[in-house]
Amino acid sequence: MFQNEKPFELIILGPPVSGKGTQADLVAKTFNIPHISAGVILHNIKSNSNHPLADEVRQYMDNGKLVPTELINKLIAERIKNEDCKFGYALDGFPRTLGQAQFLDTIADLDYVFLIKVSDEVIIERMSGRRVCKNGHTWHLKYSPPKNPEICDICGEPLFQRDDDKPETVQSRLAIYHQETDDIIRYYQEKKVLKEIDGEQHIENVYYQIIRQMVDDLRSKIGWK
Ligand SMILES: [Zn+2]
């Protein structure tokens, strides 16, 4: 038998709209481990005025600045020490830089690093087809089209494109993603822990690929062929 007291320490990397948050959530539910999202941690601190770091985090986020690495490192390190992480966790939104990846290796013993691969073309298509109404109902002109491309089927309000989904914003988000992530991907490739997942599939198929890889790995660790 293999011995690993914390067999489910995993991170999920991927570009915007790759569905990495959804997958982290599904995997977490499957193995009964917490889904830890760096974005959610920051958001919760920011909106909890009793938190000692609330003001500091708010200052960075409200001014569109990156939260400093030392601060986010500390928050992640604290979070994964929690009792609910005793068997592991599914982390997304961290690491964002090579330095953070190296730091993570000092506080964690990652069992799986998944990269959800989606081409830039598909990301642009997914984002540019998205339409929302003022009530937050979300449609996609190709994947979940409303009857009339300009009107929300649910509430009848006009549909519009969020600034985040406009071509120029999408291009710049992608440029930032590649700048941030290409180093991290190489780092995990060199350590031979990176598992690539085809993210241009339905949510369920992406999930099956991840689970399949984990099950195969666990079987081989246990010694089952
Ligand atoms: Zn609506």
# chains A, B, ... in the order shown; residues from 1 in each chain; ligands from 1
$ residues_near_ligand --ligand "ligand 1" --cutoff "8 Å" --atoms "only C-alpha atoms and all ligand atoms" --output "NGL selection string"
:A and (132-138 or 151-159)
$ select_by_dssp --residues "stretch 85-150 of chain A" --states "strand (DSSP E)" --output "count of residues only"
17
$ closest_atom_pairs --of "stretch 78-157 of chain A" --to "stretch 187-211 of chain A" --cutoff "10 Å" --atoms "only C-alpha atoms" --output "Markdown table"
| residue | atom | partner | partner_atom | distance |
| --- | --- | --- | --- | --- |
| A:Leu98 | CA | A:Tyr187 | CA | 7.5 |
| A:Ala101 | CA | A:Tyr187 | CA | 8.2 |
| A:Gln102 | CA | A:Tyr187 | CA | 8.8 |
| A:Leu110 | CA | A:Val193 | CA | 8.5 |
| A:Asp111 | CA | A:Val193 | CA | 7.9 |
| A:Tyr112 | CA | A:Val193 | CA | 6.6 |
| A:Val113 | CA | A:Leu194 | CA | 5.0 |
| A:Phe114 | CA | A:Lys195 | CA | 4.9 |
| A:Leu115 | CA | A:Glu196 | CA | 4.9 |
| A:Ile116 | CA | A:Ile197 | CA | 4.8 |
| A:Lys117 | CA | A:Gly199 | CA | 5.0 |
| A:Val118 | CA | A:Gly199 | CA | 5.2 |
| A:Ser119 | CA | A:Glu200 | CA | 8.0 |
| A:Val122 | CA | A:Glu200 | CA | 7.6 |
| A:Ile123 | CA | A:Glu200 | CA | 9.3 |
$ residues_around --residues "A:Gly39" --least-positions-apart "6" --cutoff "12 Å" --atoms "only C-alpha atoms" --output "PyMOL selection string"
chain A and resi 21+45-46+57+61+66-67+72+75-76+91-96
$ write_last_selection --atoms "N, CA and C atoms" --output "PDB file, in the first residue's frame"
ATOM      1  N   GLY A  21     -12.737  26.858 -12.295  1.00  0.00           N
ATOM      2  CA  GLY A  21     -13.431  26.978 -11.007  1.00  0.00           C
ATOM      3  C   GLY A  21     -14.517  25.911 -10.864  1.00  0.00           C
ATOM      4  N   ILE A  45     -12.416  38.409   2.415  1.00  0.00           N
ATOM      5  CA  ILE A  45     -11.704  39.290   3.344  1.00  0.00           C
ATOM      6  C   ILE A  45     -12.124  40.737   3.105  1.00  0.00           C
ATOM      7  N   LYS A  46     -12.200  41.065   1.825  1.00  0.00           N
ATOM      8  CA  LYS A  46     -12.551  42.430   1.444  1.00  0.00           C
ATOM      9  C   LYS A  46     -13.936  42.808   1.974  1.00  0.00           C
ATOM     10  N   VAL A  57      -6.592  44.717   1.734  1.00  0.00           N
ATOM     11  CA  VAL A  57      -7.019  43.995   0.531  1.00  0.00           C
ATOM     12  C   VAL A  57      -7.917  44.878  -0.331  1.00  0.00           C
ATOM     13  N   MET A  61      -7.571  45.842  -4.357  1.00  0.00           N
ATOM     14  CA  MET A  61      -8.561  45.362  -5.311  1.00  0.00           C
ATOM     15  C   MET A  61      -9.367  46.506  -5.924  1.00  0.00           C
ATOM     16  N   LEU A  66      -2.697  44.391  -8.308  1.00  0.00           N
ATOM     17  CA  LEU A  66      -2.502  43.017  -7.873  1.00  0.00           C
ATOM     18  C   LEU A  66      -2.213  42.991  -6.380  1.00  0.00           C
ATOM     19  N   VAL A  67      -2.821  42.046  -5.703  1.00  0.00           N
ATOM     20  CA  VAL A  67      -2.523  41.874  -4.284  1.00  0.00           C
ATOM     21  C   VAL A  67      -1.092  41.321  -4.189  1.00  0.00           C
ATOM     22  N   ILE A  72      -0.808  37.254  -0.414  1.00  0.00           N
ATOM     23  CA  ILE A  72      -1.616  36.136  -0.909  1.00  0.00           C
ATOM     24  C   ILE A  72      -0.972  34.800  -0.504  1.00  0.00           C
ATOM     25  N   LEU A  75      -2.038  34.099   3.014  1.00  0.00           N
ATOM     26  CA  LEU A  75      -3.447  33.712   3.115  1.00  0.00           C
ATOM     27  C   LEU A  75      -3.659  32.260   2.668  1.00  0.00           C
ATOM     28  N   ILE A  76      -2.992  31.882   1.590  1.00  0.00           N
ATOM     29  CA  ILE A  76      -3.126  30.503   1.098  1.00  0.00           C
ATOM     30  C   ILE A  76      -2.505  29.530   2.105  1.00  0.00           C
ATOM     31  N   LEU A  91      -7.368  23.572  -5.362  1.00  0.00           N
ATOM     32  CA  LEU A  91      -7.038  25.002  -5.341  1.00  0.00           C
ATOM     33  C   LEU A  91      -7.121  25.577  -6.749  1.00  0.00           C
ATOM     34  N   ASP A  92      -7.807  26.713  -6.900  1.00  0.00           N
ATOM     35  CA  ASP A  92      -7.750  27.407  -8.189  1.00  0.00           C
ATOM     36  C   ASP A  92      -7.521  28.899  -7.989  1.00  0.00           C
ATOM     37  N   GLY A  93      -6.900  29.523  -8.976  1.00  0.00           N
ATOM     38  CA  GLY A  93      -6.568  30.947  -8.873  1.00  0.00           C
ATOM     39  C   GLY A  93      -5.234  31.193  -8.182  1.00  0.00           C
ATOM     40  N   PHE A  94      -4.527  30.162  -7.864  1.00  0.00           N
ATOM     41  CA  PHE A  94      -3.209  30.236  -7.223  1.00  0.00           C
ATOM     42  C   PHE A  94      -2.478  28.951  -7.593  1.00  0.00           C
ATOM     43  N   PRO A  95      -1.191  28.980  -7.929  1.00  0.00           N
ATOM     44  CA  PRO A  95      -0.311  30.148  -8.060  1.00  0.00           C
ATOM     45  C   PRO A  95      -0.551  30.922  -9.370  1.00  0.00           C
ATOM     46  N   ARG A  96      -0.266  32.221  -9.312  1.00  0.00           N
ATOM     47  CA  ARG A  96      -0.378  33.071 -10.495  1.00  0.00           C
ATOM     48  C   ARG A  96       0.991  33.431 -11.055  1.00  0.00           C
TER      49      ARG A  96
END
$ residues_around --residues "A:Gly129" --least-positions-apart "2" --cutoff "6 Å" --atoms "only C-alpha atoms" --output "ChimeraX atom specification"
/A:126-127,140-141
$ closest_residue --among "A:Arg131, A:Arg79, A:Arg173, A:Lys147" --to "A:Ser37" --atoms "only C-alpha atoms"
A:Arg79
$ closest_residue --among "A:Pro145, A:Pro16, A:Pro34, A:Pro7" --to "A:Ser172" --atoms "only C-alpha atoms"
A:Pro16
$ closest_residue --among "A:Thr30, A:Ser128, A:Gln213, A:Asn44" --to "A:Gln161" --atoms "only C-alpha atoms"
A:Ser128
$ decode --residues "stretch 135-146 of chain A" --atoms "N, CA, C and O atoms" --output "compact mmCIF listing (two decimals), in the first residue's frame"
# COMPACT_ATOMS: atom_id res chain seq x y z
N ASN A 135 -30.31 41.85 -15.08
CA ASN A 135 -30.58 41.00 -13.91
C ASN A 135 -29.57 39.86 -13.78
O ASN A 135 -29.72 38.99 -12.94
N GLY A 136 -28.56 39.88 -14.66
CA GLY A 136 -27.49 38.89 -14.51
C GLY A 136 -27.75 37.57 -15.20
O GLY A 136 -26.99 36.62 -15.03
N HIS A 137 -28.86 37.46 -15.96
CA HIS A 137 -29.08 36.22 -16.72
C HIS A 137 -28.07 36.18 -17.86
O HIS A 137 -27.88 37.18 -18.56
N THR A 138 -27.44 35.03 -18.01
CA THR A 138 -26.35 34.92 -18.98
C THR A 138 -26.73 34.00 -20.12
O THR A 138 -27.26 32.92 -19.91
N TRP A 139 -26.44 34.45 -21.34
CA TRP A 139 -26.72 33.68 -22.55
C TRP A 139 -25.45 33.60 -23.38
O TRP A 139 -24.51 34.36 -23.16
N HIS A 140 -25.49 32.69 -24.35
CA HIS A 140 -24.40 32.67 -25.31
C HIS A 140 -25.00 32.51 -26.69
O HIS A 140 -25.81 31.60 -26.91
N LEU A 141 -24.59 33.38 -27.60
CA LEU A 141 -25.24 33.40 -28.92
C LEU A 141 -25.12 32.05 -29.63
O LEU A 141 -25.96 31.69 -30.43
N LYS A 142 -24.06 31.28 -29.30
CA LYS A 142 -23.90 29.99 -29.95
C LYS A 142 -24.28 28.81 -29.04
O LYS A 142 -24.96 27.89 -29.49
N TYR A 143 -23.85 28.86 -27.78
CA TYR A 143 -24.00 27.67 -26.92
C TYR A 143 -25.32 27.63 -26.16
O TYR A 143 -25.80 26.55 -25.83
N SER A 144 -25.86 28.78 -25.79
CA SER A 144 -27.19 28.77 -25.14
C SER A 144 -27.93 30.02 -25.59
O SER A 144 -28.10 30.97 -24.83
N PRO A 145 -28.34 30.01 -26.88
CA PRO A 145 -28.88 31.25 -27.46
C PRO A 145 -30.28 31.59 -26.96
O PRO A 145 -31.11 30.69 -26.80
N PRO A 146 -30.52 32.88 -26.71
CA PRO A 146 -31.89 33.32 -26.43
C PRO A 146 -32.68 33.30 -27.75
O PRO A 146 -32.07 33.29 -28.82
